[in-house]
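Shown next: upload.cif, given as mmCIF, C-alpha atoms.
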data_data
loop_
_atom_site.group_PDB
_atom_site.id
_atom_site.type_symbol
_atom_site.label_atom_id
_atom_site.label_comp_id
_atom_site.auth_asym_id
_atom_site.auth_seq_id
_atom_site.Cartn_x
_atom_site.Cartn_y
_atom_site.Cartn_z
ATOM 1 C CA MET A 1425 26.036 98.398 79.716
ATOM 2 C CA LEU A 1426 29.352 100.153 79.177
ATOM 3 C CA SER A 1427 31.140 99.281 75.965
ATOM 4 C CA SER A 1428 34.054 100.620 73.951
ATOM 5 C CA GLN A 1429 33.562 102.233 70.572
ATOM 6 C CA SER A 1430 35.500 100.046 68.195
ATOM 7 C CA LEU A 1431 35.975 96.470 69.306
ATOM 8 C CA PRO A 1432 36.114 94.089 66.332
ATOM 9 C CA ILE A 1433 34.106 90.949 65.776
ATOM 10 C CA THR A 1434 36.731 88.201 65.781
ATOM 11 C CA LYS A 1435 36.387 84.849 64.060
ATOM 12 C CA GLU A 1436 38.776 82.022 63.277
ATOM 13 C CA PRO A 1437 41.264 82.877 60.492
ATOM 14 C CA LYS A 1438 39.935 82.205 57.037
ATOM 15 C CA GLN A 1439 42.391 80.160 55.000
ATOM 16 C CA ASP A 1440 41.725 81.614 51.548
ATOM 17 C CA ALA A 1441 44.197 81.586 48.654
ATOM 18 C CA GLU A 1442 45.271 85.186 49.246
ATOM 19 C CA TYR A 1443 45.933 84.511 52.920
ATOM 20 C CA ASN A 1444 48.021 81.446 52.138
ATOM 21 C CA LYS A 1445 49.988 83.406 49.534
ATOM 22 C CA ILE A 1446 50.831 86.112 52.070
ATOM 23 C CA CYS A 1447 51.885 83.511 54.633
ATOM 24 C CA GLU A 1448 54.228 81.927 52.090
ATOM 25 C CA GLU A 1449 55.763 85.318 51.335
ATOM 26 C CA TYR A 1450 56.082 85.999 55.073
ATOM 27 C CA ASN A 1451 57.945 82.728 55.657
ATOM 28 C CA HIS A 1452 60.287 83.595 52.805
ATOM 29 C CA ARG A 1453 60.875 87.106 54.148
ATOM 30 C CA LEU A 1454 61.863 85.801 57.573
ATOM 31 C CA LYS A 1455 64.720 83.898 55.943
ATOM 32 C CA THR A 1456 65.965 86.738 53.739
ATOM 33 C CA LEU A 1457 65.380 90.060 55.533
ATOM 34 C CA PRO A 1458 68.239 91.759 57.439
ATOM 35 C CA LYS A 1459 68.101 90.930 61.146
ATOM 36 C CA GLY A 1460 68.961 92.939 64.235
ATOM 37 C CA ASN A 1461 68.869 92.297 67.967
ATOM 38 C CA GLY A 1462 65.390 92.570 69.450
ATOM 39 C CA TRP A 1463 64.298 94.244 72.677
ATOM 40 C CA ARG A 1464 61.487 91.827 73.568
ATOM 41 C CA VAL A 1465 62.279 88.853 71.332
ATOM 42 C CA GLN A 1466 65.593 87.660 69.919
ATOM 43 C CA HIS A 1467 65.407 89.255 66.478
ATOM 44 C CA LEU A 1468 63.903 92.194 64.613
ATOM 45 C CA TYR A 1469 63.584 92.220 60.823
ATOM 46 C CA ASN A 1470 64.206 95.224 58.581
ATOM 47 C CA TYR A 1471 61.079 95.389 56.424
ATOM 48 C CA ASN A 1472 60.855 98.275 53.936
ATOM 49 C CA GLY A 1473 63.193 100.332 56.104
ATOM 50 C CA PHE A 1474 61.560 99.628 59.482
ATOM 51 C CA TRP A 1475 62.360 97.146 62.235
ATOM 52 C CA LEU A 1476 59.522 94.755 63.148
ATOM 53 C CA ASP A 1477 59.376 91.542 65.144
ATOM 54 C CA PHE A 1478 58.025 88.376 63.539
ATOM 55 C CA ALA A 1479 54.443 88.985 64.707
ATOM 56 C CA THR A 1480 54.101 92.644 63.685
ATOM 57 C CA LEU A 1481 55.779 91.851 60.353
ATOM 58 C CA LYS A 1482 53.147 89.250 59.491
ATOM 59 C CA THR A 1483 50.319 91.489 60.700
ATOM 60 C CA ASN A 1484 51.582 94.347 58.527
ATOM 61 C CA MET A 1485 51.588 92.170 55.419
ATOM 62 C CA LEU A 1486 48.029 90.989 56.131
ATOM 63 C CA LEU A 1487 46.862 94.476 57.118
ATOM 64 C CA ASN A 1488 47.930 95.945 53.780
ATOM 65 C CA THR A 1489 45.821 93.363 51.961
ATOM 66 C CA TYR A 1490 42.694 93.120 54.078
ATOM 67 C CA PHE A 1491 42.140 96.370 55.990
ATOM 68 C CA LYS A 1492 39.409 98.575 54.491
ATOM 69 C CA SER A 1493 39.293 102.153 55.698
ATOM 70 C CA GLN A 1494 36.389 104.592 55.681
ATOM 71 C CA PRO A 1495 36.767 108.335 54.932
ATOM 72 C CA SER A 1496 35.602 109.233 58.452
ATOM 73 C CA ASP A 1497 38.180 107.003 60.198
ATOM 74 C CA ILE A 1498 40.557 108.703 62.637
ATOM 75 C CA PHE A 1499 43.979 107.214 63.385
ATOM 76 C CA LEU A 1500 46.176 107.759 66.415
ATOM 77 C CA ALA A 1501 49.735 107.257 65.159
ATOM 78 C CA SER A 1502 52.588 106.999 67.630
ATOM 79 C CA PHE A 1503 55.920 105.398 68.368
ATOM 80 C CA MET A 1504 55.900 103.108 71.395
ATOM 81 C CA LYS A 1505 56.017 104.861 74.803
ATOM 82 C CA THR A 1506 55.313 108.371 73.508
ATOM 83 C CA GLY A 1507 51.950 108.822 75.256
ATOM 84 C CA THR A 1508 49.654 106.492 73.306
ATOM 85 C CA THR A 1509 47.598 105.372 76.317
ATOM 86 C CA TRP A 1510 46.942 108.951 77.462
ATOM 87 C CA LEU A 1511 45.979 110.175 73.981
ATOM 88 C CA LYS A 1512 43.730 107.134 73.478
ATOM 89 C CA ALA A 1513 41.799 108.156 76.579
ATOM 90 C CA LEU A 1514 41.533 111.780 75.400
ATOM 91 C CA MET A 1515 40.368 110.924 71.880
ATOM 92 C CA PHE A 1516 37.834 108.331 73.044
ATOM 93 C CA SER A 1517 36.411 110.569 75.770
ATOM 94 C CA THR A 1518 36.125 113.549 73.423
ATOM 95 C CA ILE A 1519 34.399 111.631 70.624
ATOM 96 C CA ASN A 1520 32.055 109.856 73.058
ATOM 97 C CA ARG A 1521 31.437 112.681 75.527
ATOM 98 C CA HIS A 1522 27.655 112.497 75.010
ATOM 99 C CA LYS A 1523 27.564 108.742 75.605
ATOM 100 C CA TYR A 1524 29.015 108.504 79.128
ATOM 101 C CA SER A 1525 28.581 110.522 82.306
ATOM 102 C CA PHE A 1526 31.690 111.671 84.154
ATOM 103 C CA SER A 1527 30.380 109.995 87.310
ATOM 104 C CA ASN A 1528 30.157 106.554 85.667
ATOM 105 C CA HIS A 1529 32.496 106.716 82.712
ATOM 106 C CA TYR A 1530 33.764 103.821 80.588
ATOM 107 C CA LEU A 1531 37.297 104.635 81.771
ATOM 108 C CA HIS A 1532 36.257 104.031 85.378
ATOM 109 C CA HIS A 1533 35.709 100.370 84.536
ATOM 110 C CA HIS A 1534 38.092 99.626 81.650
ATOM 111 C CA GLY A 1535 41.641 100.567 80.746
ATOM 112 C CA PRO A 1536 42.323 103.097 77.955
ATOM 113 C CA GLN A 1537 43.837 100.342 75.801
ATOM 114 C CA SER A 1538 40.380 98.779 75.382
ATOM 115 C CA THR A 1539 38.737 101.953 74.054
ATOM 116 C CA PHE A 1540 39.706 101.347 70.420
ATOM 117 C CA PRO A 1541 41.921 98.808 68.664
ATOM 118 C CA LEU A 1542 45.619 98.846 67.891
ATOM 119 C CA ILE A 1543 45.529 97.593 64.306
ATOM 120 C CA ASP A 1544 49.078 96.245 64.673
ATOM 121 C CA SER A 1545 47.885 93.445 66.967
ATOM 122 C CA GLU A 1546 44.586 92.489 65.325
ATOM 123 C CA VAL A 1547 43.952 89.208 63.499
ATOM 124 C CA TYR A 1548 43.519 89.530 59.746
ATOM 125 C CA PRO A 1549 41.659 88.935 57.503
ATOM 126 C CA VAL A 1550 38.824 88.116 59.868
ATOM 127 C CA ASN A 1551 38.479 91.000 62.320
ATOM 128 C CA ASP A 1552 35.378 92.888 61.251
ATOM 129 C CA PHE A 1553 35.075 96.615 62.039
ATOM 130 C CA THR A 1554 32.149 97.274 59.679
ATOM 131 C CA HIS A 1555 29.618 97.193 62.535
ATOM 132 C CA VAL A 1556 31.257 100.159 64.284
ATOM 133 C CA ASP A 1557 29.512 103.520 63.952
ATOM 134 C CA PRO A 1558 31.594 106.330 62.420
ATOM 135 C CA PRO A 1559 33.881 107.932 63.173
ATOM 136 C CA ARG A 1560 35.866 104.767 63.862
ATOM 137 C CA LEU A 1561 39.013 105.197 65.959
ATOM 138 C CA PHE A 1562 42.168 103.150 65.391
ATOM 139 C CA ALA A 1563 45.683 103.258 66.818
ATOM 140 C CA THR A 1564 48.938 102.188 65.180
ATOM 141 C CA HIS A 1565 52.685 102.209 65.828
ATOM 142 C CA TYR A 1566 53.476 101.490 62.171
ATOM 143 C CA ALA A 1567 55.185 104.235 60.179
ATOM 144 C CA ARG A 1568 53.039 105.914 57.524
ATOM 145 C CA SER A 1569 55.008 104.451 54.618
ATOM 146 C CA ILE A 1570 54.149 100.851 55.567
ATOM 147 C CA LEU A 1571 50.454 101.444 56.270
ATOM 148 C CA PRO A 1572 47.769 100.684 53.647
ATOM 149 C CA LEU A 1573 47.381 103.357 50.962
ATOM 150 C CA CYS A 1574 43.636 103.523 51.690
ATOM 151 C CA ILE A 1575 44.427 105.311 54.966
ATOM 152 C CA THR A 1576 45.847 108.339 53.118
ATOM 153 C CA SER A 1577 42.478 110.128 53.057
ATOM 154 C CA CYS A 1578 41.795 109.554 56.778
ATOM 155 C CA LYS A 1579 42.518 111.964 59.612
ATOM 156 C CA CYS A 1580 45.619 111.138 61.626
ATOM 157 C CA VAL A 1581 46.618 112.421 65.063
ATOM 158 C CA TYR A 1582 50.351 112.031 65.743
ATOM 159 C CA ILE A 1583 52.034 112.347 69.130
ATOM 160 C CA CYS A 1584 55.752 112.969 69.602
ATOM 161 C CA ARG A 1585 57.941 112.919 72.718
ATOM 162 C CA ASP A 1586 61.542 113.723 73.635
ATOM 163 C CA PRO A 1587 63.462 110.692 72.269
ATOM 164 C CA LYS A 1588 65.563 110.474 75.433
ATOM 165 C CA ASP A 1589 62.435 109.924 77.528
ATOM 166 C CA VAL A 1590 61.144 107.484 74.890
ATOM 167 C CA LEU A 1591 64.350 105.450 75.125
ATOM 168 C CA VAL A 1592 64.227 105.166 78.908
ATOM 169 C CA SER A 1593 60.491 104.370 79.046
ATOM 170 C CA LYS A 1594 60.758 101.821 76.256
ATOM 171 C CA TRP A 1595 63.799 100.114 77.787
ATOM 172 C CA ILE A 1596 62.050 99.725 81.159
ATOM 173 C CA PHE A 1597 58.796 98.567 79.523
ATOM 174 C CA MET A 1598 60.379 96.089 77.107
ATOM 175 C CA SER A 1599 62.618 94.671 79.844
ATOM 176 C CA LYS A 1600 59.448 93.508 81.587
ATOM 177 C CA LEU A 1601 58.263 91.786 78.392
ATOM 178 C CA ARG A 1602 61.627 90.369 77.324
ATOM 179 C CA SER A 1603 61.753 86.606 76.887
ATOM 180 C CA LYS A 1604 63.125 84.820 79.954
ATOM 181 C CA ASP A 1605 65.245 82.731 77.592
ATOM 182 C CA LEU A 1606 67.261 85.817 76.603
ATOM 183 C CA PRO A 1607 69.866 87.669 78.674
ATOM 184 C CA ALA A 1608 68.778 90.987 80.146
ATOM 185 C CA LEU A 1609 69.079 93.987 77.832
ATOM 186 C CA SER A 1610 71.313 96.604 79.454
ATOM 187 C CA LEU A 1611 70.640 100.322 79.095
ATOM 188 C CA ASP A 1612 73.916 100.707 77.198
ATOM 189 C CA GLU A 1613 72.843 98.024 74.699
ATOM 190 C CA ALA A 1614 69.382 99.568 74.334
ATOM 191 C CA PHE A 1615 70.958 103.000 73.811
ATOM 192 C CA GLU A 1616 73.198 101.714 71.000
ATOM 193 C CA LEU A 1617 70.298 99.917 69.298
ATOM 194 C CA PHE A 1618 68.035 102.968 69.603
ATOM 195 C CA CYS A 1619 70.679 105.300 68.153
ATOM 196 C CA LYS A 1620 71.081 102.927 65.199
ATOM 197 C CA GLY A 1621 67.309 102.901 64.683
ATOM 198 C CA VAL A 1622 67.019 99.235 65.674
ATOM 199 C CA SER A 1623 63.940 98.995 67.887
ATOM 200 C CA GLU A 1624 60.373 97.804 67.412
ATOM 201 C CA TYR A 1625 58.746 100.021 64.741
ATOM 202 C CA GLY A 1626 61.992 102.024 64.486
ATOM 203 C CA PRO A 1627 63.766 104.160 63.539
ATOM 204 C CA TYR A 1628 61.953 106.611 65.793
ATOM 205 C CA TRP A 1629 62.904 109.657 63.702
ATOM 206 C CA GLU A 1630 61.031 108.314 60.666
ATOM 207 C CA HIS A 1631 58.146 108.193 62.265
ATOM 208 C CA VAL A 1632 47.596 118.987 72.018
ATOM 209 C CA GLU A 1633 45.586 121.133 72.744
ATOM 210 C CA LEU A 1634 42.155 119.507 73.469
ATOM 211 C CA LYS A 1635 39.906 122.056 71.727
ATOM 212 C CA MET A 1636 42.031 121.841 68.581
ATOM 213 C CA LEU A 1637 41.993 118.029 68.808
ATOM 214 C CA ALA A 1638 38.187 117.967 69.109
ATOM 215 C CA ALA A 1639 37.744 120.271 66.116
ATOM 216 C CA PHE A 1640 40.225 118.242 64.053
ATOM 217 C CA MET A 1641 38.265 115.050 64.774
ATOM 218 C CA GLY A 1642 35.045 116.714 63.628
ATOM 219 C CA LYS A 1643 33.608 116.956 67.156
ATOM 220 C CA PRO A 1644 34.202 120.592 68.228
ATOM 221 C CA PHE A 1645 33.082 121.651 71.694
ATOM 222 C CA THR A 1646 30.027 123.893 71.784
ATOM 223 C CA LEU A 1647 29.995 127.158 73.722
ATOM 224 C CA GLU A 1648 27.602 125.546 76.215
ATOM 225 C CA GLU A 1649 29.986 122.617 76.766
ATOM 226 C CA THR A 1650 32.876 125.011 77.295
ATOM 227 C CA GLU A 1651 30.892 127.087 79.801
ATOM 228 C CA LYS A 1652 29.822 123.935 81.668
ATOM 229 C CA GLY A 1653 33.433 122.830 82.068
ATOM 230 C CA VAL A 1654 33.231 119.746 79.816
ATOM 231 C CA VAL A 1655 36.726 120.421 78.434
ATOM 232 C CA GLU A 1656 38.224 120.557 81.926
ATOM 233 C CA GLU A 1657 36.329 117.400 82.957
ATOM 234 C CA ILE A 1658 37.762 115.418 80.037
ATOM 235 C CA VAL A 1659 41.277 116.698 80.758
ATOM 236 C CA ARG A 1660 40.901 115.696 84.415
ATOM 237 C CA LEU A 1661 39.373 112.304 83.574
ATOM 238 C CA CYS A 1662 42.182 111.424 81.146
ATOM 239 C CA SER A 1663 45.069 112.869 83.143
ATOM 240 C CA PHE A 1664 47.950 110.542 83.956
ATOM 241 C CA GLU A 1665 47.360 111.030 87.673
ATOM 242 C CA ASN A 1666 43.696 110.026 87.429
ATOM 243 C CA VAL A 1667 43.909 107.154 84.941
ATOM 244 C CA SER A 1668 46.991 105.553 86.509
ATOM 245 C CA ASN A 1669 45.340 105.542 89.942
ATOM 246 C CA LEU A 1670 42.058 103.923 88.879
ATOM 247 C CA GLU A 1671 41.747 100.422 90.348
ATOM 248 C CA VAL A 1672 40.920 98.967 86.926
ATOM 249 C CA ASN A 1673 44.425 99.954 85.755
ATOM 250 C CA LYS A 1674 46.292 98.614 88.795
ATOM 251 C CA LYS A 1675 45.357 94.945 88.466
ATOM 252 C CA GLY A 1676 45.054 92.385 85.692
ATOM 253 C CA VAL A 1677 46.643 92.203 82.271
ATOM 254 C CA GLU A 1678 46.214 93.800 78.855
ATOM 255 C CA ARG A 1679 46.547 91.557 75.805
ATOM 256 C CA PHE A 1680 47.948 92.677 72.477
ATOM 257 C CA GLY A 1681 47.117 89.983 69.954
ATOM 258 C CA LYS A 1682 47.773 86.377 70.924
ATOM 259 C CA LEU A 1683 51.444 86.631 71.876
ATOM 260 C CA VAL A 1684 51.875 89.674 74.112
ATOM 261 C CA GLU A 1685 50.422 89.976 77.608
ATOM 262 C CA VAL A 1686 51.254 93.016 79.745
ATOM 263 C CA GLU A 1687 50.417 93.846 83.350
ATOM 264 C CA LYS A 1688 48.142 96.888 83.230
ATOM 265 C CA ARG A 1689 50.212 98.740 85.801
ATOM 266 C CA SER A 1690 53.233 98.472 83.468
ATOM 267 C CA LEU A 1691 51.467 100.775 80.999
ATOM 268 C CA PHE A 1692 51.802 103.625 83.490
ATOM 269 C CA ARG A 1693 55.233 104.550 84.810
ATOM 270 C CA LYS A 1694 55.890 108.145 85.906
ATOM 271 C CA GLY A 1695 54.331 110.348 83.260
ATOM 272 C CA GLU A 1696 57.154 112.843 83.740
ATOM 273 C CA ILE A 1697 59.153 114.979 81.324
ATOM 274 C CA GLY A 1698 62.914 114.691 81.679
ATOM 275 C CA ASP A 1699 63.142 111.452 83.670
ATOM 276 C CA TRP A 1700 65.889 110.435 81.235
ATOM 277 C CA ARG A 1701 68.279 112.455 83.430
ATOM 278 C CA ASN A 1702 68.096 109.681 86.015
ATOM 279 C CA TYR A 1703 69.374 107.126 83.495
ATOM 280 C CA LEU A 1704 71.408 108.697 80.677
ATOM 281 C CA SER A 1705 74.876 110.230 80.895
ATOM 282 C CA GLN A 1706 75.666 113.652 79.413
ATOM 283 C CA GLU A 1707 77.547 111.883 76.622
ATOM 284 C CA MET A 1708 74.460 109.781 75.788
ATOM 285 C CA LYS A 1709 72.268 112.887 75.857
ATOM 286 C CA ASP A 1710 74.558 114.826 73.509
ATOM 287 C CA ARG A 1711 74.850 111.920 71.074
ATOM 288 C CA MET A 1712 71.101 111.389 70.850
ATOM 289 C CA ASP A 1713 70.375 115.106 70.471
ATOM 290 C CA GLY A 1714 72.904 115.222 67.634
ATOM 291 C CA ILE A 1715 71.297 112.271 65.856
ATOM 292 C CA PHE A 1716 67.835 113.808 65.944
ATOM 293 C CA GLU A 1717 69.061 117.245 64.923
ATOM 294 C CA GLU A 1718 70.669 115.638 61.872
ATOM 295 C CA LYS A 1719 67.629 113.483 61.025
ATOM 296 C CA LEU A 1720 65.203 116.425 61.259
ATOM 297 C CA LYS A 1721 67.400 118.807 59.255
ATOM 298 C CA GLY A 1722 65.429 120.396 56.424
ATOM 299 C CA SER A 1723 62.082 119.034 57.632
ATOM 300 C CA GLY A 1724 60.932 122.273 59.240
ATOM 301 C CA LEU A 1725 60.464 120.391 62.518
ATOM 302 C CA VAL A 1726 62.295 121.331 65.688
ATOM 303 C CA LEU A 1727 62.374 118.936 68.635
ATOM 304 C CA THR A 1728 62.733 120.910 71.845
ATOM 305 C CA SER A 1729 63.546 119.444 75.233
ATOM 306 C CA ARG A 1730 63.758 120.814 78.721
ATOM 307 C CA ASP A 1731 67.455 120.778 79.535
#

Would you write out, as C-alpha cells, the structure that this file holds?
Amino acid sequence: MLSSQSLPITKEPKQDAEYNKICEEYNHRLKTLPKGNGWRVQHLYNYNGFWLDFATLKTNMLLNTYFKSQPSDIFLASFMKTGTTWLKALMFSTINRHKYSFSNHYLHHHGPQSTFPLIDSEVYPVNDFTHVDPPRLFATHYARSILPLCITSCKCVYICRDPKDVLVSKWIFMSKLRSKDLPALSLDEAFELFCKGVSEYGPYWEHVELKMLAAFMGKPFTLEETEKGVVEEIVRLCSFENVSNLEVNKKGVERFGKLVEVEKRSLFRKGEIGDWRNYLSQEMKDRMDGIFEEKLKGSGLVLTSRD
C-alpha cells in the first residue's frame, strides 16, 4: 500500500492547562495586535513583525509550545507561491527513492501536498509525529524568527523566487480562496499590500541543484544510481509538466487544517518565469525591484530576474 512519509496521528485537542493558557493569550492578542487588510480573510495581524491570519497566528503560538524536533529533521521553508509544491515532490522522491518504483510511484496516486506535513496547518498539541521514521520532512511558510528554537539544529532547505512572480501567483491563488463576503481584491490593492509587507506570512523579504540537495539531506546519490539515470528520473517525475498533468492533481481538493480547502488544480498555474509581465506595469516592476534591492542591501544576497 502506498503511503506518505510523515502523516501525523491526529486526535481530539487535549484541553490541558498550558493549552488553555495559550488560547487565552491568543484571544487577547487578537484584540491588541496591529491589523492590516487580508488577502483571503478580512484581517491580518502583525505578530512579532510578521503578518498572520487568525488561524496561522494561533497555530504558531501552539507550535512554539508543543512541537518537538529531532536532530535529523529536514525542513522545507518557503514563502507562499515560491515553488513549495514542486520542491516537496523533489525532496520526498529523493529521500524515498528506494521505497517506490518510478512505474508506480506515490506521486502517481497522491498530490505532492500529501507527501509531508505543513506544520503551519497542523492541530496542536495532539498531532503526533513520533511514529515517523527519520529523517522526518516538514514544510513551513513561517519566518525563521517565529519558529520554535528547537528547530535551529535541523537542516533547512529554502526556496526563493522573483517577488514579482510571487505577487502575481499569490494574488491569483488567494483570489480563489477569498471569502465570498468580502469584495474582490484588485491587483493594484494586492500590489500596495505586498510592497508594504502586508500579506500572509509577510513581509516576503524577511523571509537547486538535485545532487546538492540530496547530499545536503544526507541521502547522496551513488555512482550506480547516477549511471542508471535515477537523478534524471526524479527530475522528470517531479517536473511541473508531469505533476500538474497527473489525473490525481486535476480533480478533488486539498485541505490545509480545518478552515482552508483548495481545489488541487489551483496549486498548479503556469510554472513559468516572468509571467508577471502579463500583469504588472513598468512602474510596478521598478518600484518592487527598488524595494527588494533596499531590503537586501548588506546581506550579501542578490536577487536576479530575467528582464

Starting from the shown file, work through the PyMOL selection byres ((chain A and resi 1565) around 12) and note down what comes out as a PyMOL selection string. chain A and resi 1474-1476+1480+1484+1499-1508+1541-1545+1562-1564+1566-1571+1581-1584+1623-1628+1630-1631

Which residues would end up in the selection if the PyMOL selection byres ((chain A and resi 1521) around 12) were applied here, given that I need the answer as an MDAnalysis selection string? chainID A and resid 1429 1513:1520 1522:1526 1528:1531 1638 1643:1646 1649 1654:1655 1657:1659 1661

Just-selected residues, C-alpha atoms written as a PDB file, keeping the file's coordinate frame:
ATOM      1  CA  GLN A1429      33.562 102.233  70.572  1.00  0.00           C
ATOM      2  CA  ALA A1513      41.799 108.156  76.579  1.00  0.00           C
ATOM      3  CA  LEU A1514      41.533 111.780  75.400  1.00  0.00           C
ATOM      4  CA  MET A1515      40.368 110.924  71.880  1.00  0.00           C
ATOM      5  CA  PHE A1516      37.834 108.331  73.044  1.00  0.00           C
ATOM      6  CA  SER A1517      36.411 110.569  75.770  1.00  0.00           C
ATOM      7  CA  THR A1518      36.125 113.549  73.423  1.00  0.00           C
ATOM      8  CA  ILE A1519      34.399 111.631  70.624  1.00  0.00           C
ATOM      9  CA  ASN A1520      32.055 109.856  73.058  1.00  0.00           C
ATOM     10  CA  HIS A1522      27.655 112.497  75.010  1.00  0.00           C
ATOM     11  CA  LYS A1523      27.564 108.742  75.605  1.00  0.00           C
ATOM     12  CA  TYR A1524      29.015 108.504  79.128  1.00  0.00           C
ATOM     13  CA  SER A1525      28.581 110.522  82.306  1.00  0.00           C
ATOM     14  CA  PHE A1526      31.690 111.671  84.154  1.00  0.00           C
ATOM     15  CA  ASN A1528      30.157 106.554  85.667  1.00  0.00           C
ATOM     16  CA  HIS A1529      32.496 106.716  82.712  1.00  0.00           C
ATOM     17  CA  TYR A1530      33.764 103.821  80.588  1.00  0.00           C
ATOM     18  CA  LEU A1531      37.297 104.635  81.771  1.00  0.00           C
ATOM     19  CA  ALA A1638      38.187 117.967  69.109  1.00  0.00           C
ATOM     20  CA  LYS A1643      33.608 116.956  67.156  1.00  0.00           C
ATOM     21  CA  PRO A1644      34.202 120.592  68.228  1.00  0.00           C
ATOM     22  CA  PHE A1645      33.082 121.651  71.694  1.00  0.00           C
ATOM     23  CA  THR A1646      30.027 123.893  71.784  1.00  0.00           C
ATOM     24  CA  GLU A1649      29.986 122.617  76.766  1.00  0.00           C
ATOM     25  CA  VAL A1654      33.231 119.746  79.816  1.00  0.00           C
ATOM     26  CA  VAL A1655      36.726 120.421  78.434  1.00  0.00           C
ATOM     27  CA  GLU A1657      36.329 117.400  82.957  1.00  0.00           C
ATOM     28  CA  ILE A1658      37.762 115.418  80.037  1.00  0.00           C
ATOM     29  CA  VAL A1659      41.277 116.698  80.758  1.00  0.00           C
ATOM     30  CA  LEU A1661      39.373 112.304  83.574  1.00  0.00           C
TER      31      LEU A1661
END

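Take the candidates A:Lys1445, A:His1532, A:Lys1482, A:His1452 and check each one against A:Val1667 using all atoms listed in the file; the shortest distance goes to A:His1532.
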
Which is closest to A:Asn1673 among A:Val1686, A:Ala1614, A:Lys1459, A:Cys1578, if we use only C-alpha atoms? A:Val1686

Taking the file as shown, find all residues satisfying the PyMOL selection byres ((chain A and resi 1469) around 12) and write them as a ChimeraX atom specification. /A:1450,1453-1462,1465-1468,1470-1482,1621-1626

Could you list as a PyMOL selection string every residue that has an atom within 7 Å of (39.4, 110.5, 61.0), using the file's coordinates and counting all atoms listed in the file? chain A and resi 1495-1499+1559+1578-1580+1641

How about saving the chosen residues, C-alpha atoms kept, as a PDB file, in the frame of the given file?
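For reference, out_28.pdb as written:
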ATOM      1  CA  PRO A1495      36.767 108.335  54.932  1.00  0.00           C
ATOM      2  CA  SER A1496      35.602 109.233  58.452  1.00  0.00           C
ATOM      3  CA  ASP A1497      38.180 107.003  60.198  1.00  0.00           C
ATOM      4  CA  ILE A1498      40.557 108.703  62.637  1.00  0.00           C
ATOM      5  CA  PHE A1499      43.979 107.214  63.385  1.00  0.00           C
ATOM      6  CA  PRO A1559      33.881 107.932  63.173  1.00  0.00           C
ATOM      7  CA  CYS A1578      41.795 109.554  56.778  1.00  0.00           C
ATOM      8  CA  LYS A1579      42.518 111.964  59.612  1.00  0.00           C
ATOM      9  CA  CYS A1580      45.619 111.138  61.626  1.00  0.00           C
ATOM     10  CA  MET A1641      38.265 115.050  64.774  1.00  0.00           C
TER      11      MET A1641
END

List the residues sitting within 8 Å of (66.3, 108.6, 68.5) in the file's frame, using only C-alpha atoms, as a list in words. Pro1587, Lys1588, Leu1591, Phe1618, Cys1619, Gly1621, Pro1627, Tyr1628, Trp1629, Met1712, Asp1713, Ile1715 and Phe1716 of chain A

For a test of reading the model, state the distance in Å between atom CA of A:Phe1540 and atom CA of A:Asp1589, rounded to one decimal.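 Separation between atom CA of A:Phe1540 and atom CA of A:Asp1589: 25.3 Å.
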
Minimum-distance residue to A:Glu1687, chosen among A:Lys1721, A:Lys1600, A:Arg1464, A:Lys1620 (using all atoms listed in the file):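 Looking only at the distances to A:Glu1687, the closest residue turns out to be A:Lys1600.
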
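Going from atom CA of A:Met1708 over to atom CA of A:Lys1604, you cover 27.7 Å.
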
What are the centre and the three edge lengths of an axis-aligned box that wraps all atoms of stretch 1478-1497 of chain A in the file, given that 8 Å is added to every side, written as lines of an AutoDock Vina configuration file and rounded to one decimal in Å?
center_x = 46.8
center_y = 98.8
center_z = 58.3
size_x = 38.4
size_y = 36.9
size_z = 28.7

Report, in Å with one decimal, the straight-line distance from atom CA of A:Pro1536 to atom CA of A:Ser1663.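 Rounded to one decimal, the two atoms are 11.4 Å apart.
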
Given the choices A:His1555, A:Asp1710, A:Lys1594, A:Asn1666, which gets closest to A:Leu1609 if the distance is worked out from all atoms listed in the file? A:Lys1594

Top pick for closest residue to A:Arg1560, considering A:Lys1719, A:Ser1668, A:Thr1539, A:Leu1617 and counting all atoms listed in the file: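 Checking each candidate against A:Arg1560, we get A:Thr1539 as the closest.
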